[in-house]
>>> print(open('data-v4.txt').read())   # compact mmCIF, C-alpha atoms
# COMPACT_ATOMS: atom_id res chain seq x y z
CA MET A 23 0.00 0.00 0.00
CA SER A 24 1.39 3.42 -0.95
CA LYS A 25 2.10 5.87 1.84
CA LYS A 26 -0.37 8.72 2.12
CA PRO A 27 1.39 12.04 1.36
CA ASP A 28 2.00 14.37 4.29
CA HIS A 29 0.21 17.67 3.68
CA SER A 30 0.15 18.64 7.38
CA ALA A 31 1.98 21.95 6.88
CA ASP A 32 0.18 22.81 3.64
CA LEU A 33 -3.03 24.58 4.61
CA LEU A 34 -4.24 24.88 1.03
CA VAL A 35 -4.73 21.14 0.79
CA THR A 36 -8.01 19.85 2.14
CA GLU A 37 -8.62 16.15 2.42
CA LYS A 38 -11.52 13.74 2.74
CA ASP A 39 -10.40 10.38 4.06
CA GLY A 40 -11.07 7.29 2.02
CA VAL A 41 -11.36 9.00 -1.36
CA VAL A 42 -10.22 6.75 -4.17
CA ALA A 43 -10.45 7.64 -7.86
CA ARG A 44 -9.47 5.92 -11.03
CA LEU A 45 -8.45 7.47 -14.32
CA VAL A 46 -10.40 6.76 -17.46
CA VAL A 47 -8.67 6.03 -20.75
CA ARG A 48 -8.88 9.04 -23.03
CA GLY A 49 -12.10 9.00 -25.01
CA ALA A 50 -13.90 6.59 -22.68
CA ALA A 51 -15.72 9.37 -20.81
CA ARG A 52 -16.57 12.79 -22.18
CA ARG A 53 -15.85 15.68 -19.85
CA PRO A 54 -18.93 17.87 -19.17
CA ASP A 55 -18.99 21.03 -21.29
CA ALA A 56 -18.88 23.41 -18.31
CA LEU A 57 -15.80 21.71 -16.88
CA GLN A 58 -14.04 21.49 -20.24
CA GLY A 59 -14.83 25.15 -20.88
CA PHE A 60 -13.24 26.08 -17.56
CA LEU A 61 -10.13 24.00 -18.38
CA ASN A 62 -9.79 25.68 -21.78
CA ALA A 63 -9.97 29.16 -20.24
CA PHE A 64 -7.62 28.18 -17.40
CA ALA A 65 -5.07 26.81 -19.89
CA SER A 66 -5.20 30.00 -21.96
CA ALA A 67 -4.42 32.09 -18.87
CA MET A 68 -1.73 29.83 -17.40
CA LEU A 69 0.13 29.23 -20.67
CA SER A 70 -0.01 32.78 -22.02
CA SER A 71 3.19 34.62 -22.90
CA ASN A 72 2.56 37.01 -19.99
CA ALA A 73 2.46 34.24 -17.36
CA CYS A 74 5.32 33.44 -15.01
CA PRO A 75 7.42 30.74 -16.75
CA THR A 76 7.68 28.58 -13.62
CA ALA A 77 3.91 28.73 -13.13
CA SER A 78 3.37 27.84 -16.80
CA PHE A 79 5.70 24.86 -16.43
CA ILE A 80 3.79 23.53 -13.40
CA ALA A 81 0.38 24.20 -14.95
CA GLY A 82 1.47 22.65 -18.24
CA LYS A 83 2.27 19.35 -16.50
CA VAL A 84 -1.08 19.44 -14.71
CA LEU A 85 -3.03 20.28 -17.85
CA GLN A 86 -1.27 17.57 -19.86
CA ARG A 87 -2.81 15.01 -17.51
CA THR A 88 -6.32 16.27 -18.23
CA GLU A 89 -6.11 14.50 -21.60
CA ARG A 90 -7.43 11.61 -19.51
CA THR A 91 -10.57 12.02 -17.46
CA GLY A 92 -11.58 11.05 -13.95
CA ILE A 93 -14.99 10.34 -12.46
CA PHE A 94 -17.53 13.16 -12.65
CA ASN A 95 -19.76 14.39 -9.84
CA LEU A 96 -22.33 16.86 -11.16
CA GLU A 97 -24.74 16.84 -8.23
CA GLU A 98 -25.88 20.29 -7.18
CA THR A 99 -24.68 21.39 -3.75
CA ALA A 100 -26.22 23.63 -1.12
CA SER A 101 -22.95 25.35 -0.24
CA ARG A 102 -23.47 28.59 -2.19
CA LYS A 103 -21.28 31.57 -1.27
CA GLN A 104 -22.35 35.18 -1.81
CA SER A 105 -18.71 36.28 -1.77
CA PHE A 106 -18.05 33.89 -4.68
CA GLU A 107 -20.77 35.56 -6.74
CA THR A 108 -19.34 38.98 -5.83
CA ALA A 109 -15.83 37.94 -6.84
CA LEU A 110 -17.10 36.56 -10.15
CA ARG A 111 -18.98 39.80 -10.82
CA HIS A 112 -15.80 41.84 -10.28
CA ALA A 113 -13.87 39.49 -12.59
CA ARG A 114 -16.52 39.74 -15.30
CA GLN A 115 -16.27 43.54 -15.12
CA SER A 116 -12.48 43.53 -15.53
CA SER A 117 -10.81 44.60 -18.74
CA GLY A 118 -9.09 41.27 -19.29
CA PHE A 119 -10.80 38.88 -21.70
CA LEU A 120 -9.27 35.81 -20.03
CA HIS A 121 -10.57 36.91 -16.60
CA GLN A 122 -14.04 37.44 -18.03
CA SER A 123 -13.94 34.05 -19.73
CA LEU A 124 -12.81 32.24 -16.59
CA ALA A 125 -15.46 33.99 -14.51
CA ALA A 126 -18.15 32.98 -17.00
CA GLU A 127 -17.04 29.33 -16.95
CA LEU A 128 -16.85 29.27 -13.14
CA ALA A 129 -20.37 30.70 -13.01
CA GLN A 130 -21.51 27.70 -15.07
CA LEU A 131 -19.85 25.37 -12.55
CA SER A 132 -21.17 27.27 -9.52
CA PRO A 133 -24.12 24.92 -8.74
CA TYR A 134 -21.73 21.97 -8.41
CA ILE A 135 -18.96 23.62 -6.38
CA ALA A 136 -18.70 22.22 -2.85
CA TRP A 137 -17.05 24.61 -0.39
CA GLN A 138 -15.27 23.51 2.75
CA SER A 139 -13.29 25.22 5.49
CA GLY A 140 -9.62 24.48 6.04
CA ARG A 141 -7.30 24.72 8.99
CA SER A 142 -5.93 27.94 10.41
CA GLY A 143 -2.30 28.70 11.22
CA PRO A 144 0.28 31.38 12.08
CA PHE A 145 -0.72 35.02 11.55
CA ALA A 146 -4.20 34.30 10.21
CA SER A 147 -6.68 37.14 10.56
CA VAL A 148 -9.09 36.89 13.49
CA ASN A 149 -12.02 36.34 11.11
CA PHE A 150 -10.27 33.57 9.18
CA SER A 151 -12.26 30.56 10.37
CA LYS A 152 -15.54 32.05 9.09
CA ALA A 153 -14.16 34.09 6.21
CA HIS A 154 -12.49 31.55 3.95
CA ALA A 155 -13.36 28.45 1.96
CA HIS A 156 -11.71 25.95 -0.38
CA SER A 157 -13.09 23.93 -3.25
CA ILE A 158 -11.55 21.14 -5.32
CA LEU A 159 -12.66 21.43 -8.93
CA ILE A 160 -10.48 18.61 -10.24
CA GLY A 161 -8.74 16.19 -7.89
CA PRO A 162 -9.59 14.08 -4.83
CA SER A 163 -13.29 14.68 -4.00
CA GLY A 164 -13.60 17.20 -6.84
CA ILE A 165 -16.24 17.78 -9.48
CA GLU A 166 -13.90 15.59 -11.49
CA THR A 167 -12.49 13.11 -8.99
CA ARG A 168 -9.01 11.78 -9.71
CA PRO A 169 -5.81 11.06 -7.74
CA ASP A 170 -3.07 12.58 -9.90
CA ILE A 171 -3.71 16.35 -9.94
CA ARG A 172 -5.49 19.14 -8.10
CA ILE A 173 -7.08 22.27 -9.54
CA CYS A 174 -8.67 24.17 -6.67
CA LEU A 175 -10.24 27.46 -5.60
CA ILE A 176 -9.47 29.72 -2.65
CA LEU A 177 -12.20 32.13 -1.56
CA MET A 178 -11.81 34.74 1.19
CA GLU A 179 -14.06 37.49 2.48
CA PRO A 180 -12.77 41.08 2.34
CA TYR A 181 -10.06 41.97 4.85
CA THR A 182 -8.94 38.39 5.42
CA ARG A 183 -5.38 37.07 5.71
CA PHE A 184 -4.50 33.46 4.91
CA PRO A 185 -2.02 32.02 7.44
CA ASP A 186 1.62 31.35 6.66
CA ASN A 187 1.96 27.76 5.47
CA VAL A 188 4.59 25.55 3.86
CA GLN A 189 3.81 24.14 0.44
CA ALA A 190 4.11 20.34 0.21
CA ARG A 191 4.12 20.44 -3.60
CA SER A 192 5.01 23.14 -6.13
CA LYS A 193 1.90 25.10 -7.10
CA ALA A 194 0.87 27.51 -9.85
CA PHE A 195 -1.61 30.28 -8.97
CA LEU A 196 -3.95 32.51 -10.94
CA LEU A 197 -5.62 35.44 -9.20
CA LEU A 198 -9.10 36.54 -10.26
CA SER A 199 -9.11 39.44 -7.80
CA PRO A 200 -6.54 41.94 -6.51
CA SER A 201 -4.57 40.74 -3.50
CA GLU A 202 -1.22 40.84 -1.74
CA ILE A 203 1.07 37.82 -1.57
CA CYS A 204 4.07 36.86 0.54
CA ILE A 205 6.39 34.06 -0.62
CA ASP A 206 9.11 32.58 1.57
CA GLY A 207 9.00 35.40 4.10
CA GLU A 208 9.86 38.13 1.60
CA ALA A 209 8.07 41.50 1.51
CA TRP A 210 4.36 41.57 0.70
CA LEU A 211 3.71 42.21 -2.99
CA LYS A 212 0.60 43.70 -4.55
CA ALA A 213 -0.83 41.49 -7.28
CA ASP A 214 -3.54 42.47 -9.73
CA ALA A 215 -6.38 40.30 -10.99
CA GLY A 216 -4.96 38.07 -13.70
CA SER A 217 -1.56 37.66 -12.02
CA VAL A 218 0.03 34.23 -12.51
CA PHE A 219 2.80 33.08 -10.16
CA ALA A 220 4.36 29.96 -8.65
CA VAL A 221 5.23 28.83 -5.13
CA GLU A 222 7.73 25.98 -5.03
CA ALA A 223 7.69 22.99 -2.71
CA GLY A 224 9.13 23.85 0.70
CA GLN A 225 8.46 27.58 0.41
CA THR A 226 6.11 29.40 2.79
CA PHE A 227 3.14 31.23 1.35
CA ALA A 228 0.54 33.69 2.60
CA ILE A 229 -2.09 35.81 0.86
CA ARG A 230 -4.45 38.59 1.94
CA CYS A 231 -7.11 40.87 0.51
CA THR A 232 -8.68 44.23 1.35
CA SER A 233 -12.03 45.61 0.19
CA GLN A 234 -12.85 42.92 -2.41
CA PRO A 235 -13.34 39.19 -1.82
CA LEU A 236 -10.34 37.15 -2.88
CA LEU A 237 -10.76 34.45 -5.51
CA ALA A 238 -7.78 32.44 -6.72
CA ILE A 239 -7.22 29.22 -8.65
CA TRP A 240 -4.24 26.98 -7.96
CA CYS A 241 -3.02 23.67 -9.32
CA GLN A 242 -0.42 21.02 -8.55
CA LEU A 243 0.64 17.49 -9.41
CA GLU A 244 -0.10 15.00 -6.67
CA GLU A 245 2.44 12.84 -4.86
CA GLY A 246 3.94 10.21 -7.14
CA PHE A 247 3.06 12.09 -10.37
CA LYS A 248 5.84 14.17 -11.92
>>> encode(input="data-v4.txt", output="structure tokens")
Amino acid sequence: MSKKPDHSADLLVTEKDGVVARLVVRGAARRPDALQGFLNAFASAMLSSNACPTASFIAGKVLQRTERTGIFNLEETASRKQSFETALRHARQSSGFLHQSLAAELAQLSPYIAWQSGRSGPFASVNFSKAHAHSILIGPSGIETRPDIRICLILMEPYTRFPDNVQARSKAFLLLSPSEICIDGEAWLKADAGSVFAVEAGQTFAIRCTSQPLLAIWCQLEEGFK
């Protein structure tokens, strides 16, 4: 039996015990249009010439694996978030076509997105436990359930700070709202909606927002998949 990866210091990773997924041979199962539309828009943003090369490299490996499909779960959920709708509205009103496209595709997926709270940690804002949520779009327990990759959402209410945490795996991020990021204890950096960046395995990461809800997408390869 393979050893379960240790994500204990990585607060972006949320787990549900006992989740097992298989991969389907390409062509055996057709990906739902809303999910494929999201992947197409996500790929365009992550692999654009303006994206951080390291982030594009990570995302490219993740996206290559989506040539095969997992198991789909398109049951509507009751975990709707008003801040998610607000963040999507801001993204749709932005000047960037890719942001608008991603927001439109995420709106199509909205009924199926299951939100869950994660753990807190050092320097989190006092409102953190009630003001943040995670969702796995593709990966363990995701809308497309599979063991080899994760493509996930982070959602935070205005004036929320995500705690410092150590990344277990290298991740690529795409922001759909303005925020400030801190990587490996360096100075906080302002990042606009549409920013693409990477955080490598072993580095610490924190993120915060001000007057707008924060919405970000991140992806990684899972343990044992390079």
>>> closest_atom_pairs(input="data-v4.txt", of="stretch 150-191 of chain A", to="stretch 109-128 of chain A", cutoff="12 Å", atoms="only C-alpha atoms", output="CSV")
residue,atom,partner,partner_atom,distance
A:Ser157,CA,A:Leu128,CA,11.9
A:Leu159,CA,A:Leu128,CA,9.8
A:Cys174,CA,A:Leu128,CA,11.6
A:Leu175,CA,A:Leu128,CA,10.2
A:Ile176,CA,A:Ala109,CA,11.2
A:Leu177,CA,A:Ala109,CA,8.6
A:Met178,CA,A:Ala109,CA,9.5
A:Glu179,CA,A:Ala109,CA,9.5
A:Pro180,CA,A:Ala109,CA,10.2
>>> residues_around(input="data-v4.txt", residues="stretch 129-136 of chain A", least_positions_apart="4", cutoff="9 Å", atoms="all atoms listed in the file", output="VMD selection string")
chain A and resid 56 to 57 60 95 to 102 106 to 107 110 124 to 125 156 to 159 164 to 165
>>> residues_near_point(input="data-v4.txt", point="(-5.7, 36.7, -14.1)", cutoff="9 Å", atoms="all atoms listed in the file", output="tab-separated table (two decimals) with C-alpha atoms, in the coordinates of the input")
chain	number	residue	atom	x	y	z
A	67	ALA	CA	-4.42	32.09	-18.87
A	68	MET	CA	-1.73	29.83	-17.40
A	113	ALA	CA	-13.87	39.49	-12.59
A	118	GLY	CA	-9.09	41.27	-19.29
A	120	LEU	CA	-9.27	35.81	-20.03
A	121	HIS	CA	-10.57	36.91	-16.60
A	124	LEU	CA	-12.81	32.24	-16.59
A	196	LEU	CA	-3.95	32.51	-10.94
A	197	LEU	CA	-5.62	35.44	-9.20
A	198	LEU	CA	-9.10	36.54	-10.26
A	199	SER	CA	-9.11	39.44	-7.80
A	214	ASP	CA	-3.54	42.47	-9.73
A	215	ALA	CA	-6.38	40.30	-10.99
A	216	GLY	CA	-4.96	38.07	-13.70
A	217	SER	CA	-1.56	37.66	-12.02
A	218	VAL	CA	0.03	34.23	-12.51
A	238	ALA	CA	-7.78	32.44	-6.72
>>> closest_residue(input="data-v4.txt", among="A:Gln86, A:Thr182, A:Ser139, A:Ser105", to="A:Phe247", atoms="all atoms listed in the file")
A:Gln86
>>> atom_distance(input="data-v4.txt", atom1="atom CA of A:Ser147", atom2="atom CA of A:Pro185")
7.6 Å
>>> atom_distance(input="data-v4.txt", atom1="atom CA of A:Phe94", atom2="atom CA of A:Ala81")
21.2 Å
>>> atom_distance(input="data-v4.txt", atom1="atom CA of A:Ala31", atom2="atom CA of A:Glu244")
15.4 Å
>>> residues_around(input="data-v4.txt", residues="A:Thr167", least_positions_apart="3", cutoff="8 Å", atoms="all atoms listed in the file", output="compact mmCIF listing (two decimals) with C-alpha atoms, in the coordinates of the input")
# COMPACT_ATOMS: atom_id res chain seq x y z
CA ALA A 43 -10.45 7.64 -7.86
CA GLY A 92 -11.58 11.05 -13.95
CA ILE A 93 -14.99 10.34 -12.46
CA PHE A 94 -17.53 13.16 -12.65
CA ASN A 95 -19.76 14.39 -9.84
CA ILE A 160 -10.48 18.61 -10.24
CA GLY A 161 -8.74 16.19 -7.89
CA PRO A 162 -9.59 14.08 -4.83
CA SER A 163 -13.29 14.68 -4.00
CA GLY A 164 -13.60 17.20 -6.84
>>> closest_residue(input="data-v4.txt", among="A:Phe219, A:Trp240, A:Phe227, A:Phe150", to="A:Asn72", atoms="all atoms listed in the file")
A:Phe219
>>> closest_residue(input="data-v4.txt", among="A:Ile205, A:Ile80, A:Ala51, A:Ile173", to="A:Val35", atoms="all atoms listed in the file")
A:Ile173
>>> residues_around(input="data-v4.txt", residues="A:Arg141", least_positions_apart="2", cutoff="12 Å", atoms="only C-alpha atoms", output="list in words")
His29, Ser30, Ala31, Asp32, Leu33, Leu34, Val35, Thr36, Glu37, Gln138, Ser139, Gly143, Pro144, Ala146, Phe150, Ser151, Lys152, Ala153, His154, Ala155, His156, Phe184, Pro185, Asp186 and Asn187 of chain A
>>> closest_residue(input="data-v4.txt", among="A:Thr91, A:Gln104, A:Ser70, A:Thr232", to="A:Tyr181", atoms="all atoms listed in the file")
A:Thr232
>>> decode(input="data-v4.txt", residues="stretch 98-116 of chain A", atoms="C-alpha atoms", output="PDB file, in the first residue's frame")
ATOM      1  CA  GLU A  98     -25.885  20.294  -7.183  1.00  0.00           C
ATOM      2  CA  THR A  99     -24.679  21.388  -3.753  1.00  0.00           C
ATOM      3  CA  ALA A 100     -26.221  23.628  -1.119  1.00  0.00           C
ATOM      4  CA  SER A 101     -22.945  25.353  -0.245  1.00  0.00           C
ATOM      5  CA  ARG A 102     -23.465  28.588  -2.186  1.00  0.00           C
ATOM      6  CA  LYS A 103     -21.283  31.571  -1.266  1.00  0.00           C
ATOM      7  CA  GLN A 104     -22.354  35.176  -1.807  1.00  0.00           C
ATOM      8  CA  SER A 105     -18.712  36.275  -1.772  1.00  0.00           C
ATOM      9  CA  PHE A 106     -18.051  33.892  -4.677  1.00  0.00           C
ATOM     10  CA  GLU A 107     -20.772  35.560  -6.744  1.00  0.00           C
ATOM     11  CA  THR A 108     -19.339  38.977  -5.825  1.00  0.00           C
ATOM     12  CA  ALA A 109     -15.826  37.939  -6.841  1.00  0.00           C
ATOM     13  CA  LEU A 110     -17.103  36.561 -10.154  1.00  0.00           C
ATOM     14  CA  ARG A 111     -18.981  39.796 -10.824  1.00  0.00           C
ATOM     15  CA  HIS A 112     -15.804  41.840 -10.281  1.00  0.00           C
ATOM     16  CA  ALA A 113     -13.868  39.489 -12.590  1.00  0.00           C
ATOM     17  CA  ARG A 114     -16.521  39.743 -15.305  1.00  0.00           C
ATOM     18  CA  GLN A 115     -16.270  43.536 -15.121  1.00  0.00           C
ATOM     19  CA  SER A 116     -12.478  43.534 -15.528  1.00  0.00           C
TER      20      SER A 116
END
